[in-house]
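Data file: data.cif. Format and content: mmCIF, C-alpha atoms.
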data_target
#
loop_
_atom_site.group_PDB
_atom_site.id
_atom_site.type_symbol
_atom_site.label_atom_id
_atom_site.label_comp_id
_atom_site.auth_asym_id
_atom_site.auth_seq_id
_atom_site.Cartn_x
_atom_site.Cartn_y
_atom_site.Cartn_z
ATOM 1 C CA MET S 2 -15.888 9.115 13.551
ATOM 2 C CA GLN S 3 -13.061 8.317 15.949
ATOM 3 C CA LEU S 4 -12.086 5.190 13.970
ATOM 4 C CA TYR S 5 -11.959 7.160 10.727
ATOM 5 C CA ALA S 6 -9.710 9.785 12.278
ATOM 6 C CA ALA S 7 -7.309 7.125 13.569
ATOM 7 C CA THR S 8 -7.042 5.326 10.225
ATOM 8 C CA ASN S 9 -6.706 8.645 8.413
ATOM 9 C CA ARG S 10 -3.539 9.405 10.425
ATOM 10 C CA ARG S 11 -1.942 6.092 9.370
ATOM 11 C CA THR S 12 -1.381 7.180 5.765
ATOM 12 C CA GLY S 13 1.965 5.816 4.561
ATOM 13 C CA ARG S 14 2.391 3.529 7.572
ATOM 14 C CA VAL S 15 1.682 -0.135 8.328
ATOM 15 C CA PHE S 16 -0.492 -1.045 11.297
ATOM 16 C CA ILE S 17 0.678 -4.177 13.140
ATOM 17 C CA ASP S 18 -2.172 -5.517 15.247
ATOM 18 C CA TRP S 19 -0.323 -7.275 18.068
ATOM 19 C CA SER S 20 -3.655 -8.231 19.656
ATOM 20 C CA GLN S 21 -4.046 -10.905 16.964
ATOM 21 C CA ASN S 22 -1.593 -12.987 19.036
ATOM 22 C CA ASN S 23 -4.335 -13.660 21.591
ATOM 23 C CA PRO S 24 -4.656 -17.466 22.088
ATOM 24 C CA LYS S 25 -8.410 -17.236 21.417
ATOM 25 C CA LYS S 26 -7.849 -15.812 17.913
ATOM 26 C CA THR S 27 -7.867 -18.233 14.982
ATOM 27 C CA THR S 28 -6.462 -16.048 12.208
ATOM 28 C CA ILE S 29 -3.980 -18.132 10.199
ATOM 29 C CA ALA S 30 -2.605 -18.407 6.680
ATOM 30 C CA ALA S 31 -4.834 -19.748 3.921
ATOM 31 C CA TYR S 32 -5.037 -23.538 3.655
ATOM 32 C CA SER S 33 -3.761 -23.989 7.225
ATOM 33 C CA LEU S 34 -5.418 -26.256 9.781
ATOM 34 C CA ARG S 35 -6.670 -24.642 12.971
ATOM 35 C CA GLY S 36 -5.608 -26.326 16.213
ATOM 36 C CA ARG S 37 -9.001 -27.452 17.490
ATOM 37 C CA ASP S 38 -10.650 -30.716 18.499
ATOM 38 C CA ARG S 39 -12.247 -30.714 15.027
ATOM 39 C CA PRO S 40 -9.622 -28.969 12.888
ATOM 40 C CA THR S 41 -11.064 -26.681 10.240
ATOM 41 C CA VAL S 42 -9.088 -25.140 7.409
ATOM 42 C CA SER S 43 -8.644 -21.464 6.625
ATOM 43 C CA THR S 44 -10.108 -21.473 3.129
ATOM 44 C CA PRO S 45 -10.351 -18.820 0.412
ATOM 45 C CA ILE S 46 -13.964 -18.356 -0.699
ATOM 46 C CA THR S 47 -15.716 -16.632 -3.598
ATOM 47 C CA TRP S 48 -17.843 -13.500 -3.334
ATOM 48 C CA ALA S 49 -20.785 -15.597 -4.539
ATOM 49 C CA GLU S 50 -20.316 -17.894 -1.538
ATOM 50 C CA VAL S 51 -20.277 -14.891 0.777
ATOM 51 C CA ALA S 52 -23.467 -13.504 -0.779
ATOM 52 C CA SER S 53 -25.345 -16.799 -0.570
ATOM 53 C CA CYS S 54 -24.222 -17.748 2.959
ATOM 54 C CA SER S 55 -27.051 -17.887 5.487
ATOM 55 C CA HIS S 56 -25.155 -19.706 8.279
ATOM 56 C CA VAL S 57 -21.498 -19.884 9.291
ATOM 57 C CA THR S 58 -21.473 -23.683 8.849
ATOM 58 C CA GLN S 59 -21.821 -23.163 5.085
ATOM 59 C CA LEU S 60 -18.356 -21.586 5.097
ATOM 60 C CA THR S 61 -16.659 -23.989 7.527
ATOM 61 C CA PHE S 62 -14.315 -26.441 5.826
ATOM 62 C CA THR S 63 -12.341 -29.564 6.775
ATOM 63 C CA ALA S 64 -9.201 -30.823 5.048
ATOM 64 C CA ASP S 65 -11.276 -33.146 2.840
ATOM 65 C CA ASP S 66 -13.590 -30.262 1.904
ATOM 66 C CA VAL S 67 -10.639 -28.144 0.789
ATOM 67 C CA LEU S 68 -9.300 -30.854 -1.521
ATOM 68 C CA ASP S 69 -12.746 -31.087 -3.141
ATOM 69 C CA ARG S 70 -12.915 -27.291 -3.444
ATOM 70 C CA ILE S 71 -9.540 -27.104 -5.171
ATOM 71 C CA GLN S 72 -10.729 -29.674 -7.715
ATOM 72 C CA ARG S 73 -13.903 -27.645 -8.257
ATOM 73 C CA TYR S 74 -12.603 -24.037 -8.187
ATOM 74 C CA GLY S 75 -8.842 -24.412 -8.510
ATOM 75 C CA ASP S 76 -6.613 -22.437 -6.175
ATOM 76 C CA LEU S 77 -8.541 -19.228 -5.475
ATOM 77 C CA LEU S 78 -5.308 -17.547 -4.375
ATOM 78 C CA ALA S 79 -3.292 -18.505 -7.454
ATOM 79 C CA SER S 80 -3.538 -15.039 -9.007
ATOM 80 C CA LEU S 81 -2.514 -13.290 -5.785
ATOM 81 C CA ASP S 82 1.122 -13.155 -6.928
ATOM 82 C CA ASP S 83 0.015 -11.498 -10.173
ATOM 83 C CA SER S 84 -1.263 -8.401 -8.427
ATOM 84 C CA THR S 85 1.355 -5.860 -7.476
ATOM 85 C CA ALA S 86 1.367 -2.374 -6.078
ATOM 86 C CA PRO S 87 4.298 -0.001 -6.071
ATOM 87 C CA LEU S 88 5.908 0.599 -2.701
ATOM 88 C CA PRO S 89 6.249 4.241 -1.687
ATOM 89 C CA GLU S 90 9.627 5.916 -1.788
ATOM 90 C CA ARG S 91 11.330 5.887 1.575
#
What would you get if you wrote out this structure as structure tokens?
Amino acid sequence: MQLYAATNRRTGRVFIDWSQNNPKKTTIAAYSLRGRDRPTVSTPITWAEVASCSHVTQLTFTADDVLDRIQRYGDLLASLDDSTAPLPER
């Protein structure tokens, strides 16, 4: 209930989560390599892949994997620029 109340008060504002800058976090832009001994790639996935996943390794991708995925699925983020939402009046 506490979480709901906090997010309810943020209406019309943007939350900037500064804690994401923690060195242990691996959140990065799509198609970017993570700085690890075995670099994996932040990769867009389909809802079908999410539904059928039974282990995290099924959704862990290397640079070579991503090139194969783009040939198979195309760029899953290509339509992202097509979706727009009006910004509120200031």
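Selection result for the displayed file, with the PyMOL selection byres ((chain S and resi 78) around 12) as criterion, is Ala30, Ala31, Tyr32, Thr44, Pro45, Ile46, Thr47, Ile71, Tyr74, Gly75, Asp76, Leu77, Ala79, Ser80, Leu81, Asp82, Asp83 and Ser84 of chain S.
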Could you save the residues just selected, with C-alpha atoms, as a compact mmCIF listing (two decimals), keeping the file's coordinate frame?
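As written to disk, result01.txt reads:
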# COMPACT_ATOMS: atom_id res chain seq x y z
CA ALA S 30 -2.60 -18.41 6.68
CA ALA S 31 -4.83 -19.75 3.92
CA TYR S 32 -5.04 -23.54 3.66
CA THR S 44 -10.11 -21.47 3.13
CA PRO S 45 -10.35 -18.82 0.41
CA ILE S 46 -13.96 -18.36 -0.70
CA THR S 47 -15.72 -16.63 -3.60
CA ILE S 71 -9.54 -27.10 -5.17
CA TYR S 74 -12.60 -24.04 -8.19
CA GLY S 75 -8.84 -24.41 -8.51
CA ASP S 76 -6.61 -22.44 -6.18
CA LEU S 77 -8.54 -19.23 -5.48
CA ALA S 79 -3.29 -18.50 -7.45
CA SER S 80 -3.54 -15.04 -9.01
CA LEU S 81 -2.51 -13.29 -5.78
CA ASP S 82 1.12 -13.16 -6.93
CA ASP S 83 0.02 -11.50 -10.17
CA SER S 84 -1.26 -8.40 -8.43
Within 8 Å of Phe62 (chain S), counting all atoms listed in the file, which residues qualify if same-chain residues fewer than 4 places away don't, as an MDAnalysis selection string?
chainID S and resid 41:44 66:67
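The two atoms in question, CA of Arg39 (chain S) and CA of Ala52 (chain S), are spaced 25.9 Å apart.
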Write out as a ChimeraX atom specification the residues lying within 12 Å of Lys25 (chain S), counting only C-alpha atoms and excluding same-chain residues fewer than 5 positions away.
/S:20,35-37
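From CA of Leu34 (chain S) back to CA of Ser53 (chain S), the distance works out to 24.4 Å.
Reported to one decimal place, the separation of CA of Asp38 (chain S) from CA of Asp65 (chain S) is 15.9 Å.
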Region 5-83 of chain S from the block above, C-alpha atoms, as a compact mmCIF listing (two decimals), in the first residue's frame, please?
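And here is the file that came out, part09.txt:
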# COMPACT_ATOMS: atom_id res chain seq x y z
CA TYR S 5 1.00 2.73 -4.34
CA ALA S 6 0.62 5.89 -2.28
CA ALA S 7 4.10 7.07 -3.27
CA THR S 8 3.57 6.49 -6.99
CA ASN S 9 0.11 8.05 -6.79
CA ARG S 10 1.68 11.33 -5.59
CA ARG S 11 4.03 11.44 -8.61
CA THR S 12 1.27 12.26 -11.09
CA GLY S 13 2.59 14.74 -13.65
CA ARG S 14 6.21 14.33 -12.54
CA VAL S 15 9.19 12.25 -13.68
CA PHE S 16 10.96 10.00 -11.20
CA ILE S 17 14.74 9.89 -11.67
CA ASP S 18 16.13 6.82 -9.93
CA TRP S 19 19.66 7.91 -9.06
CA SER S 20 20.30 4.53 -7.42
CA GLN S 21 20.61 3.02 -10.90
CA ASN S 22 24.13 4.51 -10.97
CA ASN S 23 25.31 1.82 -8.54
CA PRO S 24 28.36 0.03 -10.07
CA LYS S 25 26.65 -3.35 -9.51
CA LYS S 26 23.70 -2.39 -11.74
CA THR S 27 23.78 -3.47 -15.38
CA THR S 28 20.94 -1.41 -16.84
CA ILE S 29 22.07 -0.04 -20.21
CA ALA S 30 20.63 0.99 -23.55
CA ALA S 31 19.33 -1.68 -25.91
CA TYR S 32 21.96 -3.39 -28.08
CA SER S 33 24.78 -2.27 -25.76
CA LEU S 34 27.48 -4.60 -24.46
CA ARG S 35 27.77 -4.99 -20.71
CA GLY S 36 31.26 -4.58 -19.25
CA ARG S 37 31.83 -8.09 -17.93
CA ASP S 38 34.37 -10.86 -18.41
CA ARG S 39 31.84 -12.45 -20.80
CA PRO S 40 30.07 -9.42 -22.29
CA THR S 41 26.36 -9.93 -22.85
CA VAL S 42 24.14 -7.61 -24.83
CA SER S 43 21.06 -5.76 -23.64
CA THR S 44 18.57 -7.23 -26.09
CA PRO S 45 14.90 -6.50 -26.82
CA ILE S 46 12.81 -9.66 -26.53
CA THR S 47 9.28 -10.69 -27.51
CA TRP S 48 6.44 -11.38 -25.09
CA ALA S 49 6.42 -14.95 -26.40
CA GLU S 50 10.05 -15.33 -25.31
CA VAL S 51 9.17 -14.02 -21.87
CA ALA S 52 6.24 -16.45 -21.56
CA SER S 53 8.27 -19.47 -22.64
CA CYS S 54 11.40 -18.70 -20.59
CA SER S 55 12.13 -21.26 -17.88
CA HIS S 56 15.71 -20.14 -17.08
CA VAL S 57 17.55 -16.83 -17.31
CA THR S 58 20.15 -18.33 -19.68
CA GLN S 59 17.44 -18.58 -22.35
CA LEU S 60 17.31 -14.77 -22.41
CA THR S 61 21.05 -14.08 -22.16
CA PHE S 62 22.60 -12.97 -25.44
CA THR S 63 26.10 -12.37 -26.84
CA ALA S 64 26.98 -10.05 -29.72
CA ASP S 65 26.80 -12.96 -32.19
CA ASP S 66 23.38 -13.96 -30.82
CA VAL S 67 22.03 -10.45 -31.37
CA LEU S 68 23.11 -10.39 -35.01
CA ASP S 69 21.29 -13.70 -35.55
CA ARG S 70 18.21 -12.35 -33.75
CA ILE S 71 18.08 -9.24 -35.92
CA GLN S 72 18.15 -11.45 -39.03
CA ARG S 73 15.35 -13.57 -37.56
CA TYR S 74 13.08 -10.94 -35.94
CA GLY S 75 14.31 -7.65 -37.38
CA ASP S 76 14.88 -4.74 -35.03
CA LEU S 77 12.30 -5.21 -32.26
CA LEU S 78 12.66 -1.53 -31.33
CA ALA S 79 12.18 -0.18 -34.85
CA SER S 80 8.59 0.92 -34.21
CA LEU S 81 9.49 2.67 -30.95
CA ASP S 82 9.81 6.02 -32.74
CA ASP S 83 6.33 5.55 -34.20
